[in-house]
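**Student:** Following this message is one structure expressed as structure tokens.
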Amino acid sequence: MIADEAFLTVLQPFAVHKEHTGIATALVSWQDLDTAFGSLGRDAPERIKQAIAAYQDQTGVTMVMLVGDSDRLPVRYCRATHTEWGAKYYPSDLYYADVYDAGGAFDDWDGDGDGIFCEMDFTGGAVLDLVNLDDIDMVPDVAVGRVPASTPDEVETYVAKVLDYEFAAYQANWSNRALLVVDGGASPFGDEAKMDALAGLLAGWDVSKRYQDLAPYAGMDDAGRADVLTGDLDAGAGLVVYYGHGNRHTWAGWFDRTDVSALANEGRLPIVVAASCYTGRFHVDREYYRTATDTEWNRLTGPWPLIDYPEPMSVQPWNYDAYDDDSLAERFLVRDDAGAVGYVGSVSKVEHGIWFAAGEGLAHRFVAAYRPGATLGGMWQQAMRGFVTDEVVPHGMEWYRFIHIHKVMLFGDPSLRVGGVSTVQKADVVGDYTMVHNGWRGTLSLRAEPDAPIEQLPNLSGTWTAPEGDVHDVRGYLRTWSYPLPPQFGPDHAVALYVDFADTPQDEDDQAFDGLLFGWTKDAIAGITTWGGTPFGFYALKDGGAAVGGPPGSPPTTPIAKPDFVGTYAMNHDGWRGTLTLWAEDDDPIEQLPNVRGVYVPEGGGPERDVRGWVRTSTYPIDPTWGPDHKIELRIDFAGTLDPEDDQRFDGYLFTQTRDALAGVTWWHGRPFGFYAVKEGALTAVRRCASWRPPLRARRRITTRPGHGVLEPSGSPC
């Protein structure tokens with residue numbers, strides 16, 4: 001992130017968020033870079049570009065976010081000659097992205113060495129050398145996006161949007177919705193056929209077409225169509241593509257900056273692509289500005305219309321930047337909590353050069369670049385590369401194609417994960433744990449490794465250390481935005497660990513631990529480990545001691561029995577804590593009634609909830625596919641209803657070595673979560689009618705094992 005020095009403090013949370021979610025981030029002021037690279041450039045933009053090249057070379061930087069409007073962060077202006085207005089300058093952040101020439105050398109965009117950057121001659125036609133006077137290759141080597149903010153408040157607004165979007169958009173229905181908008185009327189600029197071809201790229205999306213020449217929009221006035229689009233945006237959309245006439249303030253026939261300011265789509269922000277003139281004009285507004293020689297230029301005094309413009313100053317004074325006359329891009333991004341989180345738009349006229357035909361063009365390629373795990377800048381970079389390599393160069397460098405490469409810019413965070421990221425991150429898993437598996441206790445230490453999904457290398461590594469000091473290697477896997485493990489791996493909070501207890505080079509004899517990170521607290525992992533084909537429970541508590549001792553000296557010699565499960569437990573499922581009390585019931589395998597019952601009381605108080613469960617005994621021979629003898633299947637009535645179908649299921653495994661804890665998996669709305677329960681006391685006697693037991697609820701249920709029907713209460717518990 002390269003920012004004006006006044007913005008560094010408000011950008012700190014952004015940097016922390018990016019680091020936490022797996023993107024290494026450096027935050028520097030452009031003023032510091034201007035000083036540090038003072039001997040390497042002729043002006044501030046060139047020194048900043050030299051700094052980007054150095055970061056790219058030394059640290060592998062792939063994305064650069066420029067934080068500052070044209071009055072806050074230097075702009076490189078390209079000079080075009082023989083335009084319909086004479087010689088004119090256009091801003092281009094592609095200058096900062098196209099770091100190297102085709103041969104890999106630093107490209108200063110002044111190929112002829114005359115001190116004028118990125119020269120274009122509009123009379124060059126289809127002859128490459130006559131259009132591209134400085135011989136730039138136009139291919140972005142890093143992804144660059146600009147946040148067009150003029151004040152710390154605007155930066156803070158945009159930072160909050162990104163932080164909110166990256167979690168809120170993840171797997172949200174609204175983020176998979178696309179709005180395709182085309183102008184119409186007597187002199188349309190948009191083209192429905194081109195937009196329809198783009199729609200073909202959005203298989204699996206909820207696509208809404210808002211074409212002005214389609215009913216009912218053809219019969220509406222501008223205000224009516226604006227109301228339609230406002231409602232669409234307020235409901236939430238992940239992508240909006242507009243193709244039509246426009247100016248700094250308006251999508252013609254549909255939307256203007258007052259409509260943007262009235263949006264109420266906070267938390268449901270889209271990425272906007274506008275194939276339209278001027279809507280990204282973030283730089284000088286009126287035809288006057290401060291020149292590179294620090295004089296005022298005012299075109300409004302004439303001559304008109306043809307005149308040669310002087311080069312603008314790279315950082316404009318605030319009054320020339322037209323702070324109170326923001327473009328649509330600025331309104332969408334930095335002025336309000338609503339609006340958008342990314343904007344692709346033109347700083348000037350675009351014509352049809354960016355969308356040459358159906359199935360071609362920059363907008364089409366941008367949407368085609370979308371994929372799970374894509375970044376906004378990555379999509380932009382891929383689209384630009386393809387547009388230049390496959391469309392601009394083969395078509396002879398027509399001037400209207402070439403100039404649009406510079407004029408259509410990405411506004412926003414290039415590292416934005418399109419569609420969001422999970423709230424569970426690798427940083428949440430790394431750390432030191434006290435781990436207990438089936439009564440065996442040790443210290444688990446996990447650290448992050450780079451994501452390498454192509455090679456399928458572990459992205460977690462670590463050690464397991466026994467109390468005696470023996471150390472064993474650990475490898476593991478966690479789904480991340482840049483390691484898209486398949487759905488069968490499990491939910492995003494699934495952690496697959498393998499401990500090399502055998503201390504051998506081969507992986508096949510490592511012990512597998514299928515854990516689930518607690519989503520609420522992120523301070524524990526619990527689940528199931530398998531040894532010799534038999535499942536056992538385990539849990540691991542971060543930076544703290546577990547309540548179960550071990551390893552055991554002499555494990556019990558008697559077989560697992562129902563009384564071993566009976567007792568009072570301190571229970572934790574995915575961060576929800578409570579007290580679980582279990583007692584024994586008579587075995588009734590014919591009716592398949594629960595042979596364990598109990599109550600659950602939430603930590604801090606609350607209504608106690610009924611618990612029913614099943615364990616295998618000699619007189620309750622549950623099918624072998626159900627699991628081992630140390631398994632217990634529980635149902636807890638958290639909903640407090642008479643319907644057994646809404647009870648939450650817990651598959652736990654009693655620690656066979658110590659018999660003082662359970663651990664395993666629970667499900668809620670079909671999603672698995674980890675749990676563990678540590679025994680505080682025991683009710684060792686199997687209940688009989690005359691034996692003590694906790695009081696019955698007034699409306700006691702007696703239910704069979706799930707899937708085997710429900711028996712009505714008999715009136716007497718005996």
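Identifiers in the structure tokens: chain A, B, ... in order shown; residue index from 1 per chain; ligand index from 1 in order shown.
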As a ChimeraX atom specification, please: every residue in stretch 501-697 of chain A that a backbone DSSP assignment puts in strand (DSSP E or B).

**Tutor:** /A:511-517,524-531,534-542,567-573,576-584,596-602,609-615,617,620,631-636,648-654,661-668,671-681

**Student:** As a PyMOL selection string, please: all residues of stretch 243-340 of chain A that backbone DSSP puts in helix (DSSP H, G or I).

**Tutor:** chain A and resi 257-261+299-301+328-333

**Student:** Of the candidates A:Tyr288, A:Trp174, A:Phe255, A:Trp205, which shows the shortest atom-to-atom distance to A:Gly236, using only C-alpha atoms?

**Tutor:** A:Trp174

**Student:** Here is a test: counting only C-alpha atoms, which residue of A:Gly412, A:Gly345, A:Pro450, A:Gly267 is nearest to A:Ala149?

**Tutor:**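 Once distances to A:Ala149 are computed over only C-alpha atoms, the minimum belongs to A:Gly412.
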
**Student:** For A:Pro414, find every residue with an atom within 8 Å (counting only C-alpha atoms), except residues of its own chain fewer than 6 positions away, and show them as a list in words.

**Tutor:**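 These residues fall inside the cut-off: Met63, Val64, Met65, Ala143, Val144, Gly145, Thr375, Leu376, Gly377 and Gly378 of chain A.
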
**Student:** Using the selection just defined, write its residues with N, CA and C atoms as a PDB file, in the first residue's frame.

**Tutor:**
```
ATOM      1  N   MET A  63       0.732  -6.970  -5.926  1.00  0.00           N
ATOM      2  CA  MET A  63      -0.393  -6.032  -5.950  1.00  0.00           C
ATOM      3  C   MET A  63       0.018  -4.732  -5.279  1.00  0.00           C
ATOM      4  N   VAL A  64      -0.442  -3.613  -5.834  1.00  0.00           N
ATOM      5  CA  VAL A  64      -0.130  -2.299  -5.288  1.00  0.00           C
ATOM      6  C   VAL A  64      -1.422  -1.509  -5.174  1.00  0.00           C
ATOM      7  N   MET A  65      -1.727  -1.048  -3.977  1.00  0.00           N
ATOM      8  CA  MET A  65      -2.885  -0.191  -3.766  1.00  0.00           C
ATOM      9  C   MET A  65      -2.392   1.233  -3.544  1.00  0.00           C
ATOM     10  N   ALA A 143      -0.583  -5.867 -10.244  1.00  0.00           N
ATOM     11  CA  ALA A 143      -1.962  -5.385 -10.239  1.00  0.00           C
ATOM     12  C   ALA A 143      -2.036  -4.102  -9.426  1.00  0.00           C
ATOM     13  N   VAL A 144      -2.583  -3.055 -10.016  1.00  0.00           N
ATOM     14  CA  VAL A 144      -2.646  -1.748  -9.362  1.00  0.00           C
ATOM     15  C   VAL A 144      -4.083  -1.260  -9.314  1.00  0.00           C
ATOM     16  N   GLY A 145      -4.500  -0.787  -8.145  1.00  0.00           N
ATOM     17  CA  GLY A 145      -5.790  -0.132  -7.988  1.00  0.00           C
ATOM     18  C   GLY A 145      -5.617   1.115  -7.147  1.00  0.00           C
ATOM     19  N   THR A 375      -8.526 -12.328  -6.958  1.00  0.00           N
ATOM     20  CA  THR A 375      -8.500 -10.989  -6.392  1.00  0.00           C
ATOM     21  C   THR A 375      -8.987 -10.006  -7.443  1.00  0.00           C
ATOM     22  N   LEU A 376      -9.474  -8.864  -6.967  1.00  0.00           N
ATOM     23  CA  LEU A 376      -9.951  -7.842  -7.883  1.00  0.00           C
ATOM     24  C   LEU A 376      -8.826  -7.400  -8.819  1.00  0.00           C
ATOM     25  N   GLY A 377      -7.638  -7.178  -8.274  1.00  0.00           N
ATOM     26  CA  GLY A 377      -6.503  -6.794  -9.101  1.00  0.00           C
ATOM     27  C   GLY A 377      -6.067  -7.899 -10.037  1.00  0.00           C
ATOM     28  N   GLY A 378      -6.161  -9.146  -9.580  1.00  0.00           N
ATOM     29  CA  GLY A 378      -5.816 -10.264 -10.445  1.00  0.00           C
ATOM     30  C   GLY A 378      -6.740 -10.356 -11.639  1.00  0.00           C
TER      31      GLY A 378
END
```

**Student:** A:Lys161: which residues within 12 Å, counting only C-alpha atoms, same-chain residues fewer than 5 positions away excluded, as a PyMOL selection string?

**Tutor:** chain A and resi 13-14+147+154-156+166-169+265-271+332-342+412-413+416+420

**Student:** For the atom pair atom CA of A:Asp503 and atom CA of A:Ala466, what is the interatomic distance in Å to one decimal place?

**Tutor:**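 Taking atom CA of A:Asp503 as the start and atom CA of A:Ala466 as the end point, the length is 13.4 Å.
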
**Student:** Considering only C-alpha atoms, can you say which of A:Ser70, A:Thr230, A:Asn176, A:Ser445 comes closest to A:Val284?

**Tutor:**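 Under the stated criterion, the closest residue is A:Ser70.
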
**Student:** Just want the 8 Å neighbourhood of A:Glu449, counted on only C-alpha atoms, with same-chain residues fewer than 5 positions away dropped. Output as a list in words.

**Tutor:**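 Neighbouring residues, sequence-local ones excluded: Pro458, Asn459, Leu460 and Ser461 of chain A.
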
**Student:** Given the choices A:Thr619, A:Ser314, A:Thr579, A:Gln648, which gets closest to A:Pro602 if the distance is worked out from only C-alpha atoms?

**Tutor:**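 Of all the options, A:Thr579 lies closest to A:Pro602.
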
**Student:** At a cut-off of 12 Å, using only C-alpha atoms, what residues contact A:Gly113? Leave out same-chain residues fewer than 5 positions from it and give the result as a ChimeraX atom specification.

**Tutor:** /A:42,107-108,118-119,133-135

**Student:** From the set A:Leu580, A:Val131, A:Ala663, A:Ala54, which residue has the shortest atom-to-atom contact distance to A:Phe106, counting only C-alpha atoms?

**Tutor:**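 The shortest atom-to-atom distance to A:Phe106 comes from A:Ala54.
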
**Student:** Can you list, as a ChimeraX atom specification, every protein, DNA or RNA residue that comes within 9 Å of stretch 660-662 of chain A when you count only C-alpha atoms, leaving out same-chain residues fewer than 3 positions away?

**Tutor:** /A:438-439,537-538,548,564-565,569,571,631-632,652-657,675-681

**Student:** Using atom CA of A:Arg79 and atom CA of A:Met120 as the two end points, give the distance in Å to one decimal.

**Tutor:** 6.3 Å

**Student:** Go through A:Gln58, A:Thr151, A:Ser348, A:Ser29 and flag the residue nearest A:Lys88, using only C-alpha atoms for the distances.

**Tutor:**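 Looking at the shortest contact to A:Lys88, the residue is A:Ser348.
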